[in-house]
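Data file: target-v3.cif. Format and content: mmCIF, C-alpha atoms and all ligand atoms.
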```
data_target
#
loop_
_atom_site.label_atom_id
_atom_site.label_comp_id
_atom_site.auth_asym_id
_atom_site.auth_seq_id
_atom_site.Cartn_x
_atom_site.Cartn_y
_atom_site.Cartn_z
CA MET A 1 -37.57 -48.48 24.23
CA LYS A 2 -40.45 -50.81 25.09
CA ASN A 3 -43.24 -49.08 26.96
CA ILE A 4 -43.13 -50.47 30.48
CA SER A 5 -45.36 -49.49 33.37
CA ARG A 6 -43.75 -47.98 36.43
CA LYS A 7 -43.92 -50.20 39.52
CA ILE A 8 -43.63 -48.88 43.05
CA LEU A 9 -41.23 -51.14 44.93
CA LEU A 10 -41.42 -50.69 48.68
CA ASN A 11 -39.11 -53.66 49.29
CA PRO A 12 -35.58 -52.58 50.30
CA GLY A 13 -34.02 -53.09 46.87
CA PRO A 14 -33.67 -54.02 44.10
CA ALA A 15 -35.43 -50.70 43.90
CA THR A 16 -37.66 -48.73 41.60
CA THR A 17 -35.27 -47.23 39.04
CA THR A 18 -35.61 -44.27 36.72
CA GLN A 19 -36.52 -44.76 33.08
CA SER A 20 -33.07 -43.41 32.16
CA VAL A 21 -31.29 -46.05 34.27
CA LYS A 22 -33.35 -48.77 32.59
CA GLU A 23 -32.58 -47.32 29.16
CA ALA A 24 -28.86 -47.08 29.94
CA MET A 25 -28.69 -50.87 29.72
CA VAL A 26 -29.65 -50.86 26.06
CA VAL A 27 -26.20 -50.36 24.57
CA GLU A 28 -24.13 -51.68 21.73
CA ASP A 29 -22.63 -55.07 22.49
CA ILE A 30 -19.09 -54.66 23.74
CA CYS A 31 -16.42 -57.07 24.88
CA PRO A 32 -15.62 -56.15 28.49
CA ARG A 33 -11.91 -56.60 27.78
CA GLU A 34 -11.97 -53.53 25.51
CA LYS A 35 -10.28 -50.36 26.74
CA ASP A 36 -13.51 -48.33 26.52
CA PHE A 37 -15.23 -50.63 28.95
CA GLY A 38 -12.23 -50.58 31.30
CA GLN A 39 -12.44 -46.79 31.35
CA LEU A 40 -16.11 -46.99 32.23
CA LEU A 41 -15.34 -49.26 35.20
CA ASP A 42 -12.44 -47.08 36.29
CA GLY A 43 -14.66 -44.00 36.39
CA ILE A 44 -17.32 -45.89 38.32
CA LYS A 45 -14.77 -47.05 40.89
CA ASP A 46 -13.53 -43.51 41.51
CA ASP A 47 -17.04 -42.15 41.83
CA LEU A 48 -18.12 -44.88 44.23
CA VAL A 49 -15.41 -43.64 46.58
CA LYS A 50 -16.52 -40.01 46.12
CA VAL A 51 -20.06 -40.86 47.24
CA VAL A 52 -18.74 -41.45 50.76
CA HIS A 53 -15.98 -38.80 50.57
CA GLY A 54 -13.19 -41.36 50.73
CA GLU A 55 -10.82 -39.89 48.15
CA GLU A 56 -7.14 -40.19 49.10
CA THR A 57 -7.71 -42.86 51.78
CA HIS A 58 -10.07 -45.39 50.22
CA VAL A 59 -10.30 -47.22 46.90
CA ALA A 60 -13.01 -49.39 45.39
CA VAL A 61 -13.00 -52.92 44.07
CA MET A 62 -15.99 -54.46 42.32
CA PHE A 63 -17.22 -58.03 41.92
CA THR A 64 -20.00 -59.57 39.88
CA ALA A 65 -22.35 -60.63 42.66
CA SER A 66 -25.21 -59.62 44.88
CA GLY A 67 -24.43 -57.82 48.13
CA THR A 68 -23.42 -60.92 50.04
CA GLY A 69 -20.52 -61.47 47.62
CA GLY A 70 -19.01 -58.17 48.78
CA LEU A 71 -19.33 -59.20 52.42
CA GLU A 72 -17.66 -62.48 51.54
CA ALA A 73 -14.83 -60.61 49.80
CA ALA A 74 -14.26 -58.26 52.74
CA ILE A 75 -14.44 -60.87 55.48
CA THR A 76 -12.40 -63.59 53.73
CA SER A 77 -9.77 -61.14 52.50
CA ALA A 78 -9.40 -59.10 55.68
CA VAL A 79 -9.40 -61.42 58.69
CA PRO A 80 -5.99 -63.09 59.07
CA ARG A 81 -5.73 -66.76 59.98
CA GLY A 82 -5.68 -67.32 63.73
CA LYS A 83 -7.56 -64.09 64.46
CA LYS A 84 -11.19 -63.57 65.38
CA LEU A 85 -14.06 -61.57 63.93
CA LEU A 86 -16.46 -59.83 66.32
CA VAL A 87 -19.94 -59.46 64.80
CA VAL A 88 -22.53 -57.02 66.14
CA GLU A 89 -25.66 -59.03 65.47
CA ASN A 90 -29.01 -57.34 65.90
CA GLY A 91 -30.64 -58.43 62.67
CA ALA A 92 -30.59 -61.10 59.99
CA TYR A 93 -27.75 -59.41 58.10
CA GLY A 94 -25.53 -59.52 61.18
CA THR A 95 -26.32 -63.22 61.44
CA ARG A 96 -25.50 -63.64 57.76
CA MET A 97 -21.97 -62.34 58.39
CA VAL A 98 -21.58 -64.81 61.26
CA LYS A 99 -22.62 -67.73 59.03
CA LEU A 100 -20.45 -66.48 56.21
CA ALA A 101 -17.34 -66.25 58.42
CA GLU A 102 -18.01 -69.65 59.96
CA THR A 103 -18.25 -71.20 56.49
CA PHE A 104 -14.60 -70.23 56.04
CA ASN A 105 -13.64 -71.46 59.52
CA ILE A 106 -13.08 -67.95 60.76
CA GLU A 107 -13.59 -67.87 64.51
CA VAL A 108 -16.44 -65.53 65.38
CA VAL A 109 -17.23 -63.73 68.60
CA ARG A 110 -20.95 -63.00 68.48
CA TYR A 111 -22.57 -60.04 70.17
CA GLN A 112 -26.04 -61.50 69.79
CA MET A 113 -29.15 -59.48 70.46
CA GLU A 114 -32.77 -59.90 69.61
CA TYR A 115 -33.49 -58.49 66.16
CA GLY A 116 -34.51 -54.93 66.96
CA ASP A 117 -32.39 -54.38 70.08
CA TYR A 118 -29.96 -51.47 70.11
CA PRO A 119 -26.26 -52.29 70.61
CA ASP A 120 -24.78 -51.55 74.02
CA LEU A 121 -21.28 -50.10 73.58
CA GLU A 122 -20.17 -51.33 76.98
CA LYS A 123 -20.94 -54.91 75.97
CA ILE A 124 -18.95 -54.47 72.77
CA GLU A 125 -16.07 -53.08 74.79
CA THR A 126 -16.15 -56.05 77.17
CA LEU A 127 -15.98 -58.47 74.23
CA LEU A 128 -13.05 -56.55 72.73
CA ALA A 129 -11.25 -56.43 76.07
CA ASN A 130 -11.79 -60.15 76.75
CA ASN A 131 -10.73 -61.33 73.31
CA LYS A 132 -7.38 -59.81 72.50
CA ASP A 133 -7.17 -61.85 69.29
CA ILE A 134 -10.12 -60.04 67.66
CA SER A 135 -8.60 -58.42 64.58
CA HIS A 136 -11.87 -57.25 62.96
CA LEU A 137 -15.32 -56.10 63.94
CA ALA A 138 -18.24 -56.35 61.51
CA VAL A 139 -21.41 -54.30 61.84
CA VAL A 140 -24.38 -53.46 59.65
CA HIS A 141 -24.95 -49.71 59.29
CA HIS A 142 -28.62 -49.84 58.38
CA GLU A 143 -29.97 -53.20 59.57
CA THR A 144 -32.56 -53.84 56.88
CA THR A 145 -34.25 -56.46 59.06
CA THR A 146 -35.67 -53.81 61.36
CA GLY A 147 -34.85 -50.37 59.93
CA MET A 148 -32.36 -49.73 62.71
CA LEU A 149 -29.45 -47.36 62.22
CA ASN A 150 -26.57 -48.77 64.23
CA PRO A 151 -24.09 -46.36 65.89
CA VAL A 152 -21.24 -46.99 63.46
CA GLN A 153 -19.13 -43.96 64.43
CA GLU A 154 -19.07 -44.97 68.11
CA ILE A 155 -18.43 -48.61 67.21
CA CYS A 156 -15.51 -47.67 64.92
CA ASP A 157 -13.98 -45.46 67.61
CA LEU A 158 -14.29 -48.25 70.15
CA ALA A 159 -12.90 -50.97 67.86
CA HIS A 160 -9.92 -48.82 66.94
CA ARG A 161 -9.08 -48.28 70.60
CA TYR A 162 -8.66 -52.07 70.73
CA HIS A 163 -6.73 -52.14 67.45
CA ALA A 164 -9.52 -53.92 65.59
CA GLU A 165 -10.33 -52.96 62.00
CA VAL A 166 -13.96 -52.38 61.05
CA ILE A 167 -16.03 -53.90 58.24
CA VAL A 168 -19.28 -51.98 57.71
CA ASP A 169 -22.15 -53.46 55.73
CA CYS A 170 -23.66 -50.33 54.18
CA MET A 171 -25.79 -52.28 51.74
CA SER A 172 -29.01 -50.38 52.33
CA SER A 173 -27.62 -47.02 53.49
CA TYR A 174 -24.86 -46.17 50.98
CA ALA A 175 -25.94 -43.26 48.71
CA GLY A 176 -29.10 -42.87 50.77
CA ILE A 177 -27.88 -41.72 54.17
CA PRO A 178 -24.88 -39.35 53.90
CA ILE A 179 -21.71 -41.22 54.94
CA HIS A 180 -18.24 -39.80 55.60
CA VAL A 181 -16.00 -42.84 55.57
CA LYS A 182 -12.95 -40.84 56.69
CA GLU A 183 -14.77 -39.67 59.81
CA TRP A 184 -15.84 -43.20 60.62
CA ASN A 185 -12.30 -44.21 59.73
CA ALA A 186 -13.80 -47.59 58.73
CA GLU A 187 -11.41 -49.95 57.00
CA TYR A 188 -14.01 -51.68 54.77
CA LEU A 189 -17.40 -50.52 53.53
CA ILE A 190 -19.62 -52.67 51.33
CA SER A 191 -22.65 -51.88 49.17
CA SER A 192 -24.28 -53.01 45.96
CA SER A 193 -25.53 -51.53 42.71
CA ASN A 194 -29.22 -52.06 43.37
CA LYS A 195 -30.08 -50.23 46.58
CA CYS A 196 -29.92 -46.50 47.39
CA ILE A 197 -27.58 -45.83 44.46
CA GLN A 198 -30.60 -46.88 42.37
CA GLY A 199 -28.90 -49.03 39.75
CA MET A 200 -29.58 -52.62 38.67
CA PRO A 201 -28.57 -55.74 40.63
CA GLY A 202 -25.36 -57.53 39.65
CA LEU A 203 -22.39 -55.54 40.95
CA VAL A 204 -21.13 -55.31 44.50
CA PHE A 205 -18.37 -53.02 45.65
CA VAL A 206 -15.99 -52.99 48.58
CA LEU A 207 -14.41 -49.68 49.48
CA PHE A 208 -11.31 -50.17 51.58
CA LYS A 209 -8.29 -48.29 52.84
CA LYS A 210 -5.65 -48.52 50.16
CA SER A 211 -2.97 -48.73 52.85
CA LEU A 212 -4.27 -52.24 53.72
CA LEU A 213 -3.48 -53.76 50.35
CA GLU A 214 -0.11 -55.29 51.29
CA LYS A 215 -1.49 -56.54 54.58
CA ILE A 216 -4.20 -58.63 52.89
CA LYS A 217 -2.01 -59.86 50.05
CA ASP A 218 -1.62 -63.38 51.39
CA THR A 219 -4.85 -63.90 53.32
CA LYS A 220 -6.61 -65.46 50.31
CA ARG A 221 -9.38 -67.76 51.39
CA SER A 222 -11.50 -67.29 48.30
CA PHE A 223 -10.44 -67.53 44.67
CA TYR A 224 -13.26 -65.45 43.18
CA PHE A 225 -13.76 -62.94 46.00
CA ASP A 226 -10.14 -62.07 46.76
CA ILE A 227 -9.85 -58.29 47.10
CA TYR A 228 -6.09 -58.21 46.54
CA SER A 229 -6.09 -60.03 43.22
CA GLN A 230 -9.22 -58.31 41.94
CA TYR A 231 -7.87 -54.86 42.79
CA THR A 232 -4.30 -55.33 41.59
CA GLY A 233 -5.51 -57.22 38.51
CA PHE A 234 -7.64 -54.25 37.50
CA GLU A 235 -4.78 -51.84 38.16
CA LYS A 236 -2.60 -53.84 35.79
CA THR A 237 -5.06 -54.64 33.01
CA GLY A 238 -8.05 -52.29 33.35
CA GLN A 239 -10.24 -55.39 33.40
CA MET A 240 -12.13 -57.29 36.03
CA GLN A 241 -10.71 -60.80 36.45
CA PHE A 242 -13.97 -62.52 35.54
CA THR A 243 -16.88 -61.57 33.28
CA PRO A 244 -18.56 -58.37 34.50
CA PRO A 245 -22.31 -57.77 34.04
CA VAL A 246 -21.75 -55.34 31.17
CA GLN A 247 -25.23 -53.79 30.95
CA VAL A 248 -25.48 -53.50 34.75
CA ALA A 249 -22.29 -51.43 34.68
CA TYR A 250 -23.80 -49.01 32.14
CA ALA A 251 -26.88 -48.71 34.34
CA LEU A 252 -24.66 -48.07 37.37
CA ARG A 253 -22.80 -45.31 35.48
CA GLN A 254 -26.15 -43.64 34.78
CA ALA A 255 -27.35 -44.16 38.36
CA ILE A 256 -24.18 -42.55 39.76
CA ASP A 257 -24.59 -39.57 37.40
CA GLU A 258 -28.17 -39.17 38.61
CA TYR A 259 -27.00 -39.39 42.22
CA PHE A 260 -24.52 -36.54 41.77
CA LEU A 261 -27.17 -34.53 39.91
CA GLU A 262 -29.68 -34.97 42.73
CA THR A 263 -26.82 -34.36 45.23
CA GLU A 264 -26.15 -36.15 48.51
CA SER A 265 -28.37 -33.82 50.50
CA GLY A 266 -31.09 -33.83 47.83
CA ARG A 267 -31.37 -37.60 47.86
CA TRP A 268 -31.38 -37.76 51.64
CA LYS A 269 -34.05 -35.03 51.78
CA ARG A 270 -36.26 -36.90 49.28
CA TYR A 271 -35.90 -40.17 51.20
CA GLN A 272 -36.69 -38.45 54.50
CA GLU A 273 -39.74 -36.72 53.06
CA ASN A 274 -41.01 -40.00 51.62
CA TYR A 275 -40.35 -41.70 54.93
CA GLN A 276 -42.27 -39.02 56.84
CA THR A 277 -45.22 -39.23 54.45
CA LEU A 278 -45.26 -43.01 54.85
CA TYR A 279 -44.85 -42.84 58.63
CA ASP A 280 -47.64 -40.27 59.09
CA GLY A 281 -49.98 -42.12 56.73
CA LEU A 282 -49.44 -45.46 58.46
CA LYS A 283 -49.99 -43.88 61.86
CA LYS A 284 -53.28 -42.47 60.63
CA LEU A 285 -54.23 -46.01 59.62
CA SER A 286 -53.42 -47.11 63.22
CA PHE A 287 -50.30 -49.12 62.39
CA GLU A 288 -47.59 -49.44 65.04
CA PHE A 289 -43.84 -49.64 64.49
CA LEU A 290 -41.16 -51.95 65.83
CA LEU A 291 -38.55 -49.32 66.68
CA PRO A 292 -38.62 -46.05 68.58
CA ASP A 293 -38.21 -43.04 66.30
CA HIS A 294 -34.67 -42.18 67.42
CA GLN A 295 -33.33 -45.56 66.25
CA GLN A 296 -34.89 -45.34 62.78
CA SER A 297 -32.80 -45.18 59.63
CA LYS A 298 -35.62 -43.22 57.96
CA ILE A 299 -35.22 -45.52 54.97
CA LEU A 300 -37.26 -48.49 56.14
CA LEU A 301 -40.08 -49.14 58.57
CA ALA A 302 -40.72 -52.48 60.26
CA ILE A 303 -44.43 -52.38 60.98
CA LYS A 304 -46.15 -54.60 63.51
CA GLU A 305 -48.54 -56.99 61.81
CA PRO A 306 -52.17 -56.12 62.51
CA SER A 307 -54.10 -58.56 64.71
CA HIS A 308 -57.31 -58.28 62.61
CA PRO A 309 -58.64 -61.83 61.99
CA LYS A 310 -58.98 -61.24 58.25
CA TYR A 311 -55.44 -59.87 57.88
CA SER A 312 -52.76 -61.94 56.24
CA PHE A 313 -49.49 -60.65 54.81
CA GLU A 314 -50.02 -62.68 51.63
CA GLY A 315 -53.54 -61.30 51.17
CA MET A 316 -52.34 -57.73 51.64
CA HIS A 317 -49.31 -58.31 49.42
CA ASP A 318 -51.38 -59.74 46.57
CA TYR A 319 -54.00 -56.98 46.75
CA LEU A 320 -51.29 -54.30 46.57
CA PHE A 321 -49.15 -56.13 44.01
CA GLU A 322 -52.05 -56.36 41.56
CA ARG A 323 -52.29 -52.60 41.82
CA GLY A 324 -48.59 -51.93 41.18
CA PHE A 325 -47.17 -51.78 44.73
CA THR A 326 -44.68 -54.31 46.11
CA ILE A 327 -44.39 -54.74 49.88
CA TYR A 328 -42.00 -56.93 51.85
CA PRO A 329 -42.43 -59.52 54.61
CA GLY A 330 -40.67 -59.42 57.99
CA LYS A 331 -37.37 -61.20 58.68
CA GLY A 332 -37.38 -62.57 62.21
CA ALA A 333 -37.66 -59.33 64.22
CA LYS A 334 -38.56 -59.80 67.89
CA THR A 335 -42.18 -58.89 67.07
CA ALA A 336 -43.97 -60.06 63.89
CA THR A 337 -43.60 -57.32 61.29
CA PHE A 338 -43.82 -56.53 57.64
CA ARG A 339 -41.52 -53.98 56.02
CA LEU A 340 -41.77 -50.95 53.78
CA SER A 341 -38.81 -49.08 52.42
CA VAL A 342 -38.56 -45.74 50.64
CA LEU A 343 -35.25 -46.46 48.92
CA GLY A 344 -35.34 -46.06 45.16
CA ASP A 345 -36.69 -43.57 42.66
CA LEU A 346 -39.85 -42.85 44.66
CA HIS A 347 -41.64 -39.57 45.13
CA LYS A 348 -44.24 -38.17 47.51
CA GLN A 349 -47.12 -38.92 45.13
CA ASP A 350 -46.06 -42.59 44.94
CA ILE A 351 -46.22 -42.89 48.71
CA GLU A 352 -49.59 -41.13 48.84
CA ASP A 353 -50.95 -43.45 46.14
CA PHE A 354 -49.68 -46.43 48.08
CA LEU A 355 -51.30 -45.24 51.30
CA GLN A 356 -54.62 -44.82 49.51
CA CYS A 357 -54.38 -48.34 48.11
CA LEU A 358 -53.50 -49.72 51.55
CA ALA A 359 -56.48 -47.90 53.06
CA ASP A 360 -58.72 -49.47 50.37
CA TYR A 361 -57.38 -52.92 51.27
CA LEU A 362 -58.05 -52.32 54.96
CA ASN A 363 -61.59 -51.18 54.20
CA GLU A 364 -62.14 -54.28 52.14
CA ILE A 365 -61.14 -56.65 54.98
C1 LIG A 401 -27.96 -55.00 55.24
C2 LIG A 401 -27.84 -55.95 54.11
N1 LIG A 401 -26.74 -56.69 53.99
C3 LIG A 401 -26.55 -57.53 52.98
C4 LIG A 401 -27.50 -57.68 52.00
C5 LIG A 401 -27.16 -58.54 50.83
O1 LIG A 401 -28.08 -59.32 50.29
P1 LIG A 401 -28.00 -59.87 48.79
O2 LIG A 401 -26.81 -60.73 48.68
O3 LIG A 401 -29.28 -60.61 48.69
O4 LIG A 401 -27.93 -58.70 47.86
C6 LIG A 401 -28.71 -56.97 52.10
C7 LIG A 401 -29.79 -57.14 51.10
O5 LIG A 401 -30.91 -56.79 51.29
C8 LIG A 401 -28.88 -56.07 53.16
O6 LIG A 401 -29.98 -55.33 53.29
#
```

Would you encode the structure as structure tokens?
Amino acid sequence: MKNISRKILLNPGPATTTQSVKEAMVVEDICPREKDFGQLLDGIKDDLVKVVHGEETHVAVMFTASGTGGLEAAITSAVPRGKKLLVVENGAYGTRMVKLAETFNIEVVRYQMEYGDYPDLEKIETLLANNKDISHLAVVHHETTTGMLNPVQEICDLAHRYHAEVIVDCMSSYAGIPIHVKEWNAEYLISSSNKCIQGMPGLVFVLFKKSLLEKIKDTKRSFYFDIYSQYTGFEKTGQMQFTPPVQVAYALRQAIDEYFLETESGRWKRYQENYQTLYDGLKKLSFEFLLPDHQQSKILLAIKEPSHPKYSFEGMHDYLFERGFTIYPGKGAKTATFRLSVLGDLHKQDIEDFLQCLADYLNEI
């Protein structure tokens, strides 16, 4: 394999991957309609459910797409015509679900907050009580805009009391933060191959309660992103309906194996340790954070932009990028921020090296 230097990606995915995940993509050419490839996908689907302990209740369906494709599949397949979708919107990814639903003429009830505000359960309850035709509630577990961990368990419990099903965007938490989908009792959970599972971009997956299959059979708003036809088609043929990203699937197989080897608690411990190292180091450098500690996902920090006259995000980004570290801009949080995430194959030494490089940049300006 070509000798490639290791880059430290502190953007929230696509993440730094292991050498073995990169190498897993170098495989013999294979037609994805072959049985061998179908078996690979079948095993991946089962394991994706195991990651969140959803065996027996939930199944997985995959699409060739980035994360948003999975949200499109869940929302357009799940919400029946004439019903409403309530979106808990305290970040850009909440807003994305609103725009997505509206594109398909799905009526949306927005619980709009400033990006970085914590959801108030009483307000959600009022919206559910006042809109009896809400059939689904959508919420982002880890709002990557701010690093906030939304109270998904409480929101699921509340929605279910009002007979609304729940769609949880777990894009940047799945396989990072331990999730028990049966305890949440969430109907739909979406994530992608390139975040905390540490694979390559190109596959998105929707985990959903198998018992819902008949219910969504005729909803069909999208041809490509229809959960029913994609799931039942695979059951019948062992093939995805449309061309899968073959090499990305091999990388995902390897990434899942590495996840189970590290274990759920091992990965979470590594992420938390990296987060703490980053948090402590940034504090020492006098940075301030957008969120209070108790609302943090411990996967991503939104950091207030320094007011130093010589500071610019671009300047800082370019200085760090030339030295092998990628950082990420803010995304409309209520205070100007930039973002750093610890998701990916990162280790304590990587974070310490980054902090040293950041300190050098600050000294230079
Ligand atoms: C919370 C969340 N939702 C959805 C997405 C999907 O984005 P994309 O379609 O670019 O993969 C992301 C990507 O960062 C995300 O963090």

Counting all atoms listed in the file, what residues are within 8 Å of ligand LIG 401 (chain A), given as a PyMOL selection string?
chain A and resi 12-13+65-69+71+93-94+96+140-145+169-172+191-192+201

Emit the selected residues as a short mmCIF file (atom, residue, chain, number, x, y, z; two decimals), keeping the file's coordinate frame, including C-alpha atoms.
```cif
data_model
loop_
_atom_site.label_atom_id
_atom_site.label_comp_id
_atom_site.auth_asym_id
_atom_site.auth_seq_id
_atom_site.Cartn_x
_atom_site.Cartn_y
_atom_site.Cartn_z
CA PRO A 12 -35.58 -52.58 50.30
CA GLY A 13 -34.02 -53.09 46.87
CA ALA A 65 -22.35 -60.63 42.66
CA SER A 66 -25.21 -59.62 44.88
CA GLY A 67 -24.43 -57.82 48.13
CA THR A 68 -23.42 -60.92 50.04
CA GLY A 69 -20.52 -61.47 47.62
CA LEU A 71 -19.33 -59.20 52.42
CA TYR A 93 -27.75 -59.41 58.10
CA GLY A 94 -25.53 -59.52 61.18
CA ARG A 96 -25.50 -63.64 57.76
CA VAL A 140 -24.38 -53.46 59.65
CA HIS A 141 -24.95 -49.71 59.29
CA HIS A 142 -28.62 -49.84 58.38
CA GLU A 143 -29.97 -53.20 59.57
CA THR A 144 -32.56 -53.84 56.88
CA THR A 145 -34.25 -56.46 59.06
CA ASP A 169 -22.15 -53.46 55.73
CA CYS A 170 -23.66 -50.33 54.18
CA MET A 171 -25.79 -52.28 51.74
CA SER A 172 -29.01 -50.38 52.33
CA SER A 191 -22.65 -51.88 49.17
CA SER A 192 -24.28 -53.01 45.96
CA PRO A 201 -28.57 -55.74 40.63
#
```

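Using only C-alpha atoms, the nearest neighbour of Phe325 of chain A within the list A:Leu300, A:Leu355, A:Ala175, A:Val246 is A:Leu355.
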
With a distance cut-off of 6 Å and all atoms listed in the file, select the neighbouring residues of segment 113-115 of chain A, excluding the residue or stretch itself and same-chain residues fewer than 3 positions from it, and output the selection as a PyMOL selection string.
chain A and resi 90-91+333-334

Would you kindly return, as a list in words, each protein, DNA or RNA residue with an atom no farther than 12 Å from any atom of Glu56 of chain A, considering all atoms listed in the file and excluding same-chain residues fewer than 2 positions away?
Asp46, Val49, Lys50, Val52, His53, Gly54, His58, Val59, Ala60, Val181, Lys182, Leu207, Phe208, Lys209, Lys210 and Ser211 of chain A

Distance query Asp226 of chain A at most 10 Å, only C-alpha atoms, self and fewer than 3 positions along chain excluded, as a ChimeraX atom specification
/A:61,63,70,72-78,216-223,229-231

Which is closer to Arg6 of chain A than all the others in A:Leu346, A:Leu121, A:Met62, A:Ile327, using all atoms listed in the file?
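Counting all atoms listed in the file, the residue closest to Arg6 of chain A is A:Leu346.
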